[in-house]
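Undergrad: Input file: input-v4.cif. Contents: mmCIF, C-alpha atoms.
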```cif
data_structure
#
loop_
_atom_site.label_atom_id
_atom_site.label_comp_id
_atom_site.auth_asym_id
_atom_site.auth_seq_id
_atom_site.Cartn_x
_atom_site.Cartn_y
_atom_site.Cartn_z
CA MET A 1 -27.70 30.28 19.00
CA ASN A 2 -27.24 26.54 19.46
CA VAL A 3 -23.98 25.57 17.69
CA TYR A 4 -25.48 22.25 16.69
CA SER A 5 -28.17 23.98 14.58
CA ASN A 6 -25.68 26.14 12.66
CA PRO A 7 -25.30 24.86 9.05
CA SER A 8 -21.79 26.35 8.88
CA PHE A 9 -20.64 23.59 11.27
CA GLU A 10 -21.94 20.79 9.05
CA ARG A 11 -19.29 18.26 8.01
CA ILE A 12 -21.41 15.97 5.87
CA LYS A 13 -19.92 14.67 2.61
CA THR A 14 -21.99 14.09 -0.50
CA LYS A 15 -19.61 11.81 -2.45
CA SER A 16 -17.46 8.87 -1.39
CA SER A 17 -14.42 10.41 -3.08
CA GLU A 18 -14.65 13.34 -0.64
CA LEU A 19 -13.60 10.86 2.06
CA ILE A 20 -10.19 10.29 0.43
CA GLY A 21 -7.22 11.24 2.61
CA ASP A 22 -6.68 12.25 6.23
CA THR A 23 -6.00 8.62 7.09
CA PRO A 24 -4.73 7.95 10.64
CA LEU A 25 -1.27 7.21 11.98
CA LEU A 26 -0.92 4.40 14.52
CA GLU A 27 2.14 3.73 16.67
CA LEU A 28 2.93 0.05 16.21
CA SER A 29 6.08 -0.08 18.31
CA ARG A 30 8.73 2.01 20.03
CA THR A 31 12.12 1.39 21.59
CA GLY A 32 13.87 2.31 24.79
CA SER A 33 15.99 4.74 22.76
CA GLY A 34 12.86 6.70 21.86
CA SER A 35 12.51 5.56 18.27
CA ARG A 36 8.96 5.02 17.02
CA LEU A 37 7.43 2.87 14.28
CA LEU A 38 4.22 4.38 12.93
CA LEU A 39 1.73 2.95 10.43
CA LYS A 40 0.01 5.24 7.92
CA LEU A 41 -3.26 3.35 7.66
CA GLU A 42 -4.33 3.90 4.08
CA GLN A 43 -7.01 1.22 4.35
CA PHE A 44 -9.23 3.91 5.86
CA ASN A 45 -9.61 5.49 2.43
CA PRO A 46 -12.78 4.60 0.51
CA THR A 47 -12.14 1.31 -1.36
CA GLY A 48 -9.74 0.38 1.46
CA SER A 49 -6.55 1.39 -0.33
CA CYS A 50 -4.14 4.24 -1.02
CA LYS A 51 -4.63 3.69 -4.76
CA VAL A 52 -7.88 5.64 -4.80
CA ARG A 53 -5.77 8.78 -4.30
CA MET A 54 -3.98 8.36 -7.61
CA ALA A 55 -7.04 6.95 -9.41
CA ARG A 56 -8.82 10.23 -8.77
CA GLU A 57 -5.80 12.29 -9.84
CA MET A 58 -5.33 10.34 -13.09
CA ILE A 59 -8.99 10.78 -14.08
CA LEU A 60 -9.15 14.47 -13.16
CA ALA A 61 -5.95 15.12 -15.14
CA ALA A 62 -7.38 13.26 -18.15
CA GLU A 63 -10.50 15.43 -17.99
CA ARG A 64 -8.43 18.61 -17.81
CA ASP A 65 -6.30 17.49 -20.77
CA GLY A 66 -9.31 16.51 -22.87
CA LYS A 67 -8.28 12.84 -23.01
CA LEU A 68 -11.50 11.73 -21.32
CA LYS A 69 -14.86 12.98 -22.53
CA PRO A 70 -18.24 12.86 -20.70
CA GLY A 71 -19.67 9.35 -20.79
CA GLY A 72 -16.31 7.90 -21.85
CA HIS A 73 -14.80 4.48 -21.34
CA ILE A 74 -11.79 3.73 -19.05
CA VAL A 75 -9.72 0.55 -19.26
CA GLU A 76 -6.85 -0.46 -16.96
CA PRO A 77 -4.95 -3.70 -16.27
CA THR A 78 -4.90 -4.10 -12.50
CA SER A 79 -4.29 -6.50 -9.64
CA GLY A 80 -7.22 -4.93 -7.82
CA ASN A 81 -6.58 -1.82 -5.75
CA THR A 82 -6.10 0.57 -8.66
CA GLY A 83 -9.13 -1.04 -10.23
CA THR A 84 -11.35 -0.47 -7.22
CA GLY A 85 -10.19 3.14 -7.06
CA LEU A 86 -10.93 3.69 -10.76
CA ALA A 87 -14.28 1.92 -10.38
CA LEU A 88 -15.29 4.40 -7.66
CA ILE A 89 -14.21 7.50 -9.61
CA ALA A 90 -15.78 6.14 -12.81
CA LEU A 91 -19.18 5.55 -11.24
CA GLU A 92 -19.20 8.98 -9.59
CA ARG A 93 -18.26 10.77 -12.82
CA GLY A 94 -20.36 8.74 -15.24
CA TYR A 95 -17.77 6.59 -17.04
CA LYS A 96 -17.75 2.95 -18.06
CA PHE A 97 -14.82 1.08 -16.53
CA THR A 98 -13.22 -2.15 -17.72
CA ALA A 99 -10.59 -3.84 -15.53
CA VAL A 100 -8.23 -6.36 -17.11
CA VAL A 101 -7.44 -8.88 -14.36
CA ASP A 102 -6.11 -12.38 -13.71
CA ASN A 103 -6.69 -15.13 -11.17
CA HIS A 104 -3.66 -14.05 -9.12
CA ALA A 105 -5.74 -11.16 -7.78
CA SER A 106 -7.62 -11.31 -4.51
CA ARG A 107 -11.15 -12.65 -5.04
CA ASP A 108 -12.56 -9.93 -2.83
CA LYS A 109 -10.96 -7.15 -4.88
CA LEU A 110 -12.57 -8.56 -8.00
CA ARG A 111 -15.95 -8.78 -6.28
CA VAL A 112 -15.68 -5.18 -5.10
CA MET A 113 -15.04 -3.94 -8.64
CA GLN A 114 -18.04 -5.88 -9.89
CA ALA A 115 -20.17 -4.55 -7.05
CA MET A 116 -19.37 -1.01 -8.26
CA GLY A 117 -20.37 -1.82 -11.82
CA ALA A 118 -16.98 -2.51 -13.39
CA GLU A 119 -16.61 -4.95 -16.28
CA LEU A 120 -13.92 -7.58 -15.64
CA VAL A 121 -11.90 -9.07 -18.51
CA PHE A 122 -9.85 -12.06 -17.36
CA VAL A 123 -6.43 -13.01 -18.65
CA GLU A 124 -5.50 -16.63 -18.11
CA SER A 125 -2.23 -17.38 -16.33
CA ASN A 126 -0.19 -20.56 -16.49
CA THR A 127 2.11 -19.47 -13.69
CA GLU A 128 1.81 -18.85 -9.97
CA GLY A 129 2.58 -15.16 -10.44
CA PRO A 130 0.67 -12.21 -11.88
CA SER A 131 0.10 -12.00 -15.64
CA THR A 132 1.24 -8.39 -15.80
CA VAL A 133 2.55 -8.56 -19.38
CA ALA A 134 -0.54 -10.35 -20.68
CA ARG A 135 -2.88 -7.92 -18.90
CA ARG A 136 -1.17 -4.98 -20.57
CA ARG A 137 -1.40 -6.64 -23.98
CA VAL A 138 -5.14 -7.23 -23.61
CA ALA A 139 -5.73 -3.68 -22.33
CA GLY A 140 -3.96 -2.35 -25.42
CA GLU A 141 -6.18 -4.48 -27.65
CA ILE A 142 -9.32 -3.13 -25.98
CA VAL A 143 -8.11 0.45 -26.37
CA LYS A 144 -7.38 -0.12 -30.06
CA ALA A 145 -10.78 -1.69 -30.67
CA THR A 146 -12.92 0.75 -28.65
CA GLY A 147 -10.99 4.01 -28.32
CA ALA A 148 -11.18 3.74 -24.54
CA PHE A 149 -8.91 5.85 -22.32
CA TRP A 150 -6.09 3.88 -20.67
CA PRO A 151 -4.72 5.76 -17.62
CA ASP A 152 -1.71 3.38 -17.59
CA GLN A 153 -0.70 3.67 -13.96
CA HIS A 154 2.89 2.55 -14.61
CA TYR A 155 3.55 5.45 -17.00
CA ASN A 156 1.09 8.15 -15.94
CA PRO A 157 2.81 10.96 -13.96
CA SER A 158 -0.51 11.75 -12.26
CA ASN A 159 -0.09 8.46 -10.40
CA ASN A 160 2.85 9.89 -8.43
CA GLU A 161 1.25 13.33 -8.18
CA GLY A 162 -1.78 11.78 -6.50
CA TYR A 163 0.23 11.28 -3.29
CA ALA A 164 1.18 14.90 -2.63
CA GLY A 165 -1.60 15.08 -0.05
CA LEU A 166 -0.30 11.98 1.72
CA ALA A 167 3.09 13.63 2.23
CA MET A 168 1.49 16.76 3.67
CA GLU A 169 -0.64 14.66 6.03
CA LEU A 170 2.43 12.86 7.35
CA LEU A 171 4.33 16.02 8.24
CA ARG A 172 1.22 17.64 9.69
CA ASP A 173 0.30 14.69 11.90
CA VAL A 174 3.82 13.86 13.09
CA GLY A 175 4.51 17.52 13.81
CA THR A 176 8.18 17.21 12.82
CA ASP A 177 10.25 15.60 10.10
CA ILE A 178 10.11 11.90 9.28
CA ASP A 179 13.42 10.07 9.40
CA TYR A 180 12.49 6.89 7.50
CA LEU A 181 9.65 6.07 5.13
CA VAL A 182 9.13 2.39 4.27
CA GLY A 183 6.75 1.17 1.61
CA ALA A 184 6.08 -1.18 -1.29
CA VAL A 185 7.26 0.07 -4.67
CA GLY A 186 4.94 -1.54 -7.23
CA THR A 187 4.10 1.07 -9.88
CA GLY A 188 6.25 3.58 -7.99
CA GLY A 189 3.46 6.03 -7.37
CA THR A 190 2.85 5.66 -3.65
CA LEU A 191 6.44 5.61 -2.41
CA CYS A 192 8.12 7.81 -5.03
CA GLY A 193 5.25 10.30 -5.20
CA THR A 194 5.19 10.68 -1.42
CA VAL A 195 8.98 10.99 -1.17
CA LYS A 196 9.14 13.60 -3.94
CA GLU A 197 6.59 15.77 -2.19
CA LEU A 198 8.29 15.29 1.19
CA HIS A 199 11.53 16.53 -0.36
CA ARG A 200 9.72 19.52 -1.87
CA LEU A 201 8.38 20.34 1.58
CA GLY A 202 11.90 20.29 3.05
CA SER A 203 11.99 16.80 4.55
CA HIS A 204 15.29 14.91 4.86
CA VAL A 205 13.55 11.53 4.90
CA THR A 206 15.40 8.32 4.03
CA SER A 207 13.22 6.08 1.86
CA ILE A 208 13.25 2.29 1.90
CA GLY A 209 11.48 0.54 -0.97
CA VAL A 210 10.22 -3.01 -0.43
CA GLU A 211 9.37 -5.59 -3.09
CA PRO A 212 8.48 -9.28 -3.10
CA ALA A 213 11.43 -11.63 -3.51
CA GLY A 214 11.17 -12.55 -7.19
CA SER A 215 10.31 -9.05 -8.39
CA ILE A 216 12.72 -7.59 -10.96
CA ILE A 217 12.26 -3.94 -9.90
CA PHE A 218 15.61 -3.85 -8.08
CA GLY A 219 17.34 -5.89 -10.75
CA GLY A 220 17.27 -9.30 -9.08
CA ALA A 221 16.45 -12.61 -10.71
CA PRO A 222 12.73 -13.13 -11.44
CA GLY A 223 10.81 -15.67 -9.39
CA LYS A 224 7.37 -16.71 -8.20
CA TYR A 225 5.62 -14.81 -5.43
CA TRP A 226 2.15 -14.64 -3.92
CA GLN A 227 2.17 -11.03 -2.72
CA THR A 228 -0.21 -8.94 -4.81
CA GLY A 229 -0.23 -5.21 -5.53
CA ALA A 230 3.55 -4.96 -5.79
CA GLY A 231 6.28 -6.66 -7.75
CA ALA A 232 7.24 -6.93 -11.41
CA PRO A 233 7.56 -10.38 -13.00
CA ALA A 234 9.94 -11.62 -15.69
CA GLY A 235 9.46 -9.86 -19.03
CA PHE A 236 7.89 -6.75 -17.55
CA THR A 237 9.33 -3.34 -18.40
CA VAL A 238 9.45 -1.19 -15.26
CA GLY A 239 7.84 2.18 -15.94
CA PRO A 240 9.27 5.65 -15.24
CA ASN A 241 7.05 6.15 -12.19
CA VAL A 242 9.56 3.97 -10.34
CA GLU A 243 12.08 6.76 -9.77
CA HIS A 244 15.10 4.91 -8.41
CA GLU A 245 16.82 8.15 -7.41
CA LEU A 246 14.04 8.68 -4.87
CA ILE A 247 14.54 5.23 -3.28
CA ASP A 248 17.53 5.32 -0.96
CA GLU A 249 17.47 1.58 -0.29
CA GLY A 250 15.68 -1.28 -2.03
CA LEU A 251 14.97 -4.56 -0.24
CA THR A 252 13.07 -7.74 -1.11
CA VAL A 253 11.00 -9.82 1.32
CA ASN A 254 9.81 -13.38 0.81
CA ASP A 255 6.16 -14.36 1.10
CA ILE A 256 6.58 -16.14 4.44
CA ASP A 257 8.03 -13.07 6.17
CA ALA A 258 5.52 -10.72 4.53
CA PHE A 259 2.47 -12.77 5.48
CA THR A 260 3.83 -13.57 8.95
CA ALA A 261 4.17 -9.87 9.73
CA ALA A 262 0.61 -9.16 8.57
CA ARG A 263 -0.74 -11.98 10.74
CA VAL A 264 1.25 -11.00 13.84
CA VAL A 265 0.08 -7.39 13.50
CA ALA A 266 -3.51 -8.64 13.34
CA ARG A 267 -3.05 -10.67 16.55
CA ARG A 268 -1.39 -7.80 18.42
CA THR A 269 -3.46 -4.81 17.25
CA GLY A 270 -6.73 -6.15 15.83
CA LEU A 271 -5.96 -4.42 12.52
CA LEU A 272 -5.72 -6.45 9.34
CA VAL A 273 -3.25 -5.22 6.72
CA GLY A 274 -2.39 -6.55 3.28
CA GLY A 275 0.53 -8.80 2.41
CA THR A 276 2.72 -6.14 0.82
CA ALA A 277 2.16 -3.95 3.86
CA GLY A 278 3.28 -6.95 5.90
CA ALA A 279 6.52 -7.02 3.90
CA ALA A 280 7.15 -3.34 4.63
CA ILE A 281 6.35 -3.84 8.32
CA HIS A 282 8.77 -6.80 8.45
CA VAL A 283 11.57 -4.57 7.12
CA ALA A 284 10.68 -1.72 9.49
CA LEU A 285 10.58 -3.93 12.59
CA LYS A 286 14.01 -5.36 11.79
CA ARG A 287 15.44 -1.90 11.12
CA LEU A 288 13.91 -0.18 14.16
CA ALA A 289 16.58 -1.52 16.52
CA LEU A 290 19.35 -0.12 14.32
CA VAL A 291 18.25 3.45 13.67
CA GLU A 292 19.42 6.55 15.50
CA PRO A 293 17.77 7.24 18.88
CA LYS A 294 14.47 9.13 18.70
CA SER A 295 14.02 8.30 15.01
CA ILE A 296 10.55 8.39 13.47
CA MET A 297 9.91 5.59 10.99
CA VAL A 298 6.66 5.42 9.01
CA VAL A 299 5.35 2.44 7.07
CA LEU A 300 2.89 3.09 4.26
CA VAL A 301 0.13 0.52 4.80
CA CYS A 302 -1.30 0.43 1.31
CA ASP A 303 -4.45 -1.60 1.83
CA ALA A 304 -6.71 -3.54 4.15
CA GLY A 305 -6.18 -7.14 5.16
CA GLU A 306 -9.88 -7.94 4.91
CA LYS A 307 -9.26 -8.40 1.17
CA TYR A 308 -7.02 -11.37 1.93
CA LEU A 309 -9.11 -13.46 4.30
CA ASP A 310 -8.98 -16.33 1.79
CA SER A 311 -5.20 -16.16 1.42
CA VAL A 312 -2.90 -14.32 3.86
CA PHE A 313 -5.21 -15.02 6.80
CA ASN A 314 -6.25 -18.52 5.71
CA ASP A 315 -4.15 -21.29 7.28
CA ASP A 316 -5.26 -23.88 4.69
CA TRP A 317 -4.29 -21.63 1.77
CA LEU A 318 -0.89 -20.93 3.32
CA ASN A 319 -0.25 -24.59 4.15
CA GLU A 320 -1.04 -25.64 0.58
CA ARG A 321 1.76 -23.32 -0.58
CA GLN A 322 4.11 -24.06 2.34
CA LEU A 323 3.87 -20.45 3.49
CA LEU A 324 2.69 -20.95 7.08
CA ASP A 325 5.72 -20.81 9.39
CA LYS A 326 4.88 -20.94 13.09
CA PRO A 327 8.49 -20.38 14.24
CA ALA A 328 8.57 -17.19 12.15
CA HIS A 329 5.45 -16.02 13.99
CA ARG A 330 7.11 -16.69 17.34
CA ARG A 331 10.30 -14.86 16.32
CA LEU A 332 8.38 -11.77 15.30
CA ASP A 333 6.33 -11.83 18.49
CA GLN A 334 9.59 -12.02 20.43
CA LEU A 335 10.90 -8.97 18.58
CA PHE A 336 7.82 -6.99 19.58
CA ASP A 337 8.32 -8.12 23.18
CA ALA A 338 12.00 -7.17 23.06
CA TYR A 339 11.09 -3.61 22.10
CA ILE A 340 8.63 -3.44 25.00
CA GLU A 341 11.32 -4.73 27.34
CA SER A 342 13.79 -2.12 26.03
CA ILE A 343 11.38 0.60 27.11
CA ARG A 344 11.19 -0.88 30.60
CA LEU A 345 14.97 -1.15 30.87
CA ALA A 346 15.44 2.42 29.68
CA SER A 347 13.24 3.63 32.53
CA VAL A 348 15.25 1.81 35.21
CA PRO A 349 18.01 3.86 36.88
CA PRO A 350 21.50 2.49 36.03
CA THR A 351 22.29 1.96 39.73
CA THR A 352 19.30 -0.38 39.99
CA LEU A 353 20.43 -2.44 37.02
CA TRP A 354 23.85 -3.09 38.58
CA ALA A 355 22.71 -3.49 42.17
#
```
Mind turning this structure into structure tokens?
TA:
Amino acid sequence: MNVYSNPSFERIKTKSSELIGDTPLLELSRTGSGSRLLLKLEQFNPTGSCKVRMAREMILAAERDGKLKPGGHIVEPTSGNTGTGLALIALERGYKFTAVVDNHASRDKLRVMQAMGAELVFVESNTEGPSTVARRRVAGEIVKATGAFWPDQHYNPSNNEGYAGLAMELLRDVGTDIDYLVGAVGTGGTLCGTVKELHRLGSHVTSIGVEPAGSIIFGGAPGKYWQTGAGAPAGFTVGPNVEHELIDEGLTVNDIDAFTAARVVARRTGLLVGGTAGAAIHVALKRLALVEPKSIMVVLVCDAGEKYLDSVFNDDWLNERQLLDKPAHRRLDQLFDAYIESIRLASVPPTTLWA
């Protein structure tokens, strides 16, 4: 029998949500000491983000618990990626979805939600940062008026639980333990959920949480920032999904360094990653030279850079905000080159070096 005519070999999916997970790992850099920096490319999920993992888990849990009935209404304040994930699950399962958004969000994320049938409710912002507090207030008003279900990603434990599969994928694909996991914190779900499951599976991973400079998640002074999808502004109450005991080290990265890293990665690999992923990559590249030999460091790349063509990858937009720093680009390129040179030097016999 011809194997290609055997239906048991068919691998055709019937729903977009069946494509969630099994995202690839890419080696971005390595050192002469054998340490490797890998990117977990979550932009290869449907909707181009890791957040679709937890969007599905939150909705399925609400169905199991009876909080969401057939034909129901979902409302969530979002900067975009959670919203696109919820929009996908809502349309597949027959729910109305309302996203409470502001003008700090990427235009393309908003257009994607609309393309999938979501209703957008805008909250006006008088600052250069996200209107997180105002979005939550408006979402609460909609829930009170309509009886809609609010998943509330900052407080919903199913957010963190949605990343159990990501942890299993990492250990399966690396084939050994992971020494360092670097990622944006945001709601806490992606990093803390992945770390918790890694620990349950026996991993001894060290976790490094990354936030925009100006975020209050690590207790620093509030400030303005242009990174989206992470961060907590002044007046925001950080939810319990940010489990600080699961974050071994917390670091902040300014917008220039975050966006520079995303742009340099695009020039060197052809892959576009988001700004918060750029911040995590910036931290990982700096740390790679300092870790133990043969360490494996993984960066969680939360979303795709194609959503930021009008901002992170737009020279005019960056120049208007004084965020385009050519010397920073050159310094990061030099760091990449230094790692390549360290590999060459490690392969040269010591007698040759001193000849």
Undergrad: With distances taken over only C-alpha atoms, which of A:Ala289, A:Leu318, A:Leu271, A:Val298 is nearest to Trp226 (chain A)?
TA: A:Leu318
Undergrad: Would you kindly translate the PyMOL selection byres ((chain A and resi 80) around 9) into the concrete residues it picks from this file, as a VMD selection string?
TA: chain A and resid 77 to 79 81 to 85 99 101 105 to 106 108 to 110 112 to 113 228 to 229
Undergrad: Given the file shown, enumerate the residues that the PyMOL selection byres ((chain A and resi 148-156) around 7) captures and present them as a VMD selection string.
TA: chain A and resid 58 68 73 to 76 143 146 to 147 157 to 159 187 239 to 241
Undergrad: In Å, how far is it from CA of Val121 (chain A) to CA of Thr98 (chain A)?
TA: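 Straight-line distance from CA of Val121 (chain A) to CA of Thr98 (chain A) works out to 7.1 Å.
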Undergrad: Can you pull out the residues contacting Ala262 (chain A)? Cut-off 7 Å, using all atoms listed in the file, and skip same-chain residues under 3 positions away; I want them as a PyMOL selection string.
TA: chain A and resi 258-259+265-266+272-275+278
Undergrad: Could you pull out every residue with an atom within 12 Å of (-14.1, 15.6, 9.3), file coordinates, counting only C-alpha atoms, and send them as an MDAnalysis selection string?
TA: chainID A and resid 9:13 18:23
Undergrad: Take CA of Ser342 (chain A) and CA of Ala277 (chain A) and report the distance between them in Å, one decimal.
TA: 25.1 Å
Undergrad: Taking into account all atoms listed in the file, which residue in the set A:Asp177, A:Lys196, A:Asp65, A:Leu246 is nearest to Gly209 (chain A)?
TA: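 For Gly209 (chain A), the nearest of the candidates is A:Leu246.
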Undergrad: I'd like the interatomic distance between CA of Leu171 (chain A) and CA of Cys50 (chain A), to a tenth of an Å.
TA: 17.2 Å
